[in-house]
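Notes to accompany the following structure.
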Amino acid sequence: MDSLYDHPHLVDTLRFPLYAARSLPQEEIRLGVLVTAFVPVTDKDRGELNGRISAALKRLANAPWSYSRIEREEEAPGFERVCLRAYARLPASENRKLVDRARAAGGDGVALSDPQVSYALSADRVDEAVAALRLDLLQQATRQAEAFTAANGRAWRVGDIVYGTGGYRDSGRRTAKGAYADDSDAGDLPASAEAAGVVRTGERISLVATVVLKAAAPDAGVAVA
C-alpha cells in the first residue's frame, strides 16, 4: 500500500528553530607553561632530558602533562636550548601564584615560565552537554507536535531534526558538535555549583536545531506509514 512518503505533496509541514542551553560550572583549568632546558649538543640521552622535564613539571603540579612539538636552537658553543609547551588540566583552585610556582619548580637545567590559563571546558564535558541538549531539543519538538495536534486536531509528528543550525541566539565559539560555548553568559549556574563565600564561574553551552513537523494534508486520503 502507498504511504505518504510516496506522495510528499500530500504532507503538510511546519518548520521552525528550537533552542536549548545549559550552564556548566568551570571546575578545572587548562594550564600551559613554557619549558626551557639547556643540553650539550653531544647529549643524545632523550630519556634523561625527559626525566628532568617531568620532574620539574611534577613539582609545579602533580598531574598528567601533554607536550607540544619540541624545538631545539643553538644557544652557546656546545649547547642547545630545548623549548616546548606543556599542558595539564588542574582543579580551578590551582590557579594561584602560578608565575612564582613555575619559577620555583624549575631546576637541574630546566626552567618553567609564562604560565597561561584557559577556562574552556574539556572536550568530554562539552560532548556530554551537547548529547543532553539534543535530548532536550527532541523533547521540545515532541511537546510542540503534541501542542499543534491539540490546537487543530491534526496528527502532527516530528518528521526531521537538524542539530547545529545557526542564526538563533548563537554566540561564543562554535564547537565541533555544532553547539556554541560562551563563558560570558552563564548566569544560571545550578545551585550545587555555589559554595559559601566562593565565586564560581561557568560556561554556557547552547545548541540550535531546525525542526520539521509533518501531518497528512486534510484531503490526503492516504494513511501515514
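Quick note on naming: the chains in the C-alpha cells go A, B, ... in the order shown, residues restart at 1 in each chain, and ligands are numbered from 1 in order of appearance.
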Write out as a ChimeraX atom specification which residues come within 7 Å of Gly32 in chain A when counting only C-alpha atoms, dropping same-chain ones fewer than 5 positions away. /A:85-88,115-117
Within 6 Å of Val208 in chain A, counting only C-alpha atoms, which residues qualify if same-chain residues fewer than 5 places away don't, as number ranges by chain? A: 18-19, 164-165
Using only C-alpha atoms, the shortest atom-to-atom distance to Ser66 in chain A among A:Arg15, A:Arg22, A:Arg81, A:Arg30 belongs to A:Arg30
From the set A:Leu207, A:Pro218, A:Ala105, A:Pro25, which residue has the shortest atom-to-atom contact distance to Ala155 in chain A, counting only C-alpha atoms?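 Smallest separation from Ala155 in chain A among the options: A:Pro218.
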Where in range 85-154 of chain A does DSSP assign strand (DSSP E), given as a PyMOL selection string? chain A and resi 85-91+110-118
For the residues in the current selection, export C-alpha atoms as a short mmCIF file (atom, residue, chain, number, x, y, z; two decimals), in the first residue's frame.
data_model
loop_
_atom_site.label_atom_id
_atom_site.label_comp_id
_atom_site.auth_asym_id
_atom_site.auth_seq_id
_atom_site.Cartn_x
_atom_site.Cartn_y
_atom_site.Cartn_z
CA ARG A 85 54.98 23.94 25.96
CA ALA A 86 53.43 21.55 28.45
CA TYR A 87 49.73 21.34 29.27
CA ALA A 88 47.72 19.85 32.12
CA ARG A 89 44.16 20.02 33.43
CA LEU A 90 44.01 21.03 37.08
CA PRO A 91 41.35 21.92 39.63
CA VAL A 110 65.10 23.16 33.35
CA ALA A 111 63.18 26.45 33.61
CA LEU A 112 59.40 26.86 33.68
CA SER A 113 57.88 30.21 32.70
CA ASP A 114 54.98 32.03 31.03
CA PRO A 115 52.11 30.10 32.66
CA GLN A 116 48.84 30.60 30.75
CA VAL A 117 45.39 29.52 31.89
CA SER A 118 42.36 28.56 29.82
#
Taking the backbone alone, and naming residues the way the document does, which bits of range 35-183 of chain A are helix (DSSP H, G or I) by DSSP, as a ChimeraX atom specification? /A:46-60,92-94,98-105,123-152
Restricting to only C-alpha atoms, whichever of A:Ala120, A:Leu213, A:Leu60, A:Ala55 is closest to Arg143 in chain A is A:Leu213
Do you know which residues are at most 8 Å from Arg72 in chain A counting only C-alpha atoms, after dropping those on the same chain fewer than 3 positions away, and could you put them as a PDB file with C-alpha atoms, in the first residue's frame?
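The result, stored in result-v4.pdb:
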ATOM      1  CA  GLU A  80      71.380  23.735  22.676  1.00  0.00           C
ATOM      2  CA  ARG A  81      68.242  25.353  24.026  1.00  0.00           C
ATOM      3  CA  VAL A  82      65.275  22.936  24.083  1.00  0.00           C
ATOM      4  CA  CYS A  83      61.837  24.577  24.190  1.00  0.00           C
TER       5      CYS A  83
END
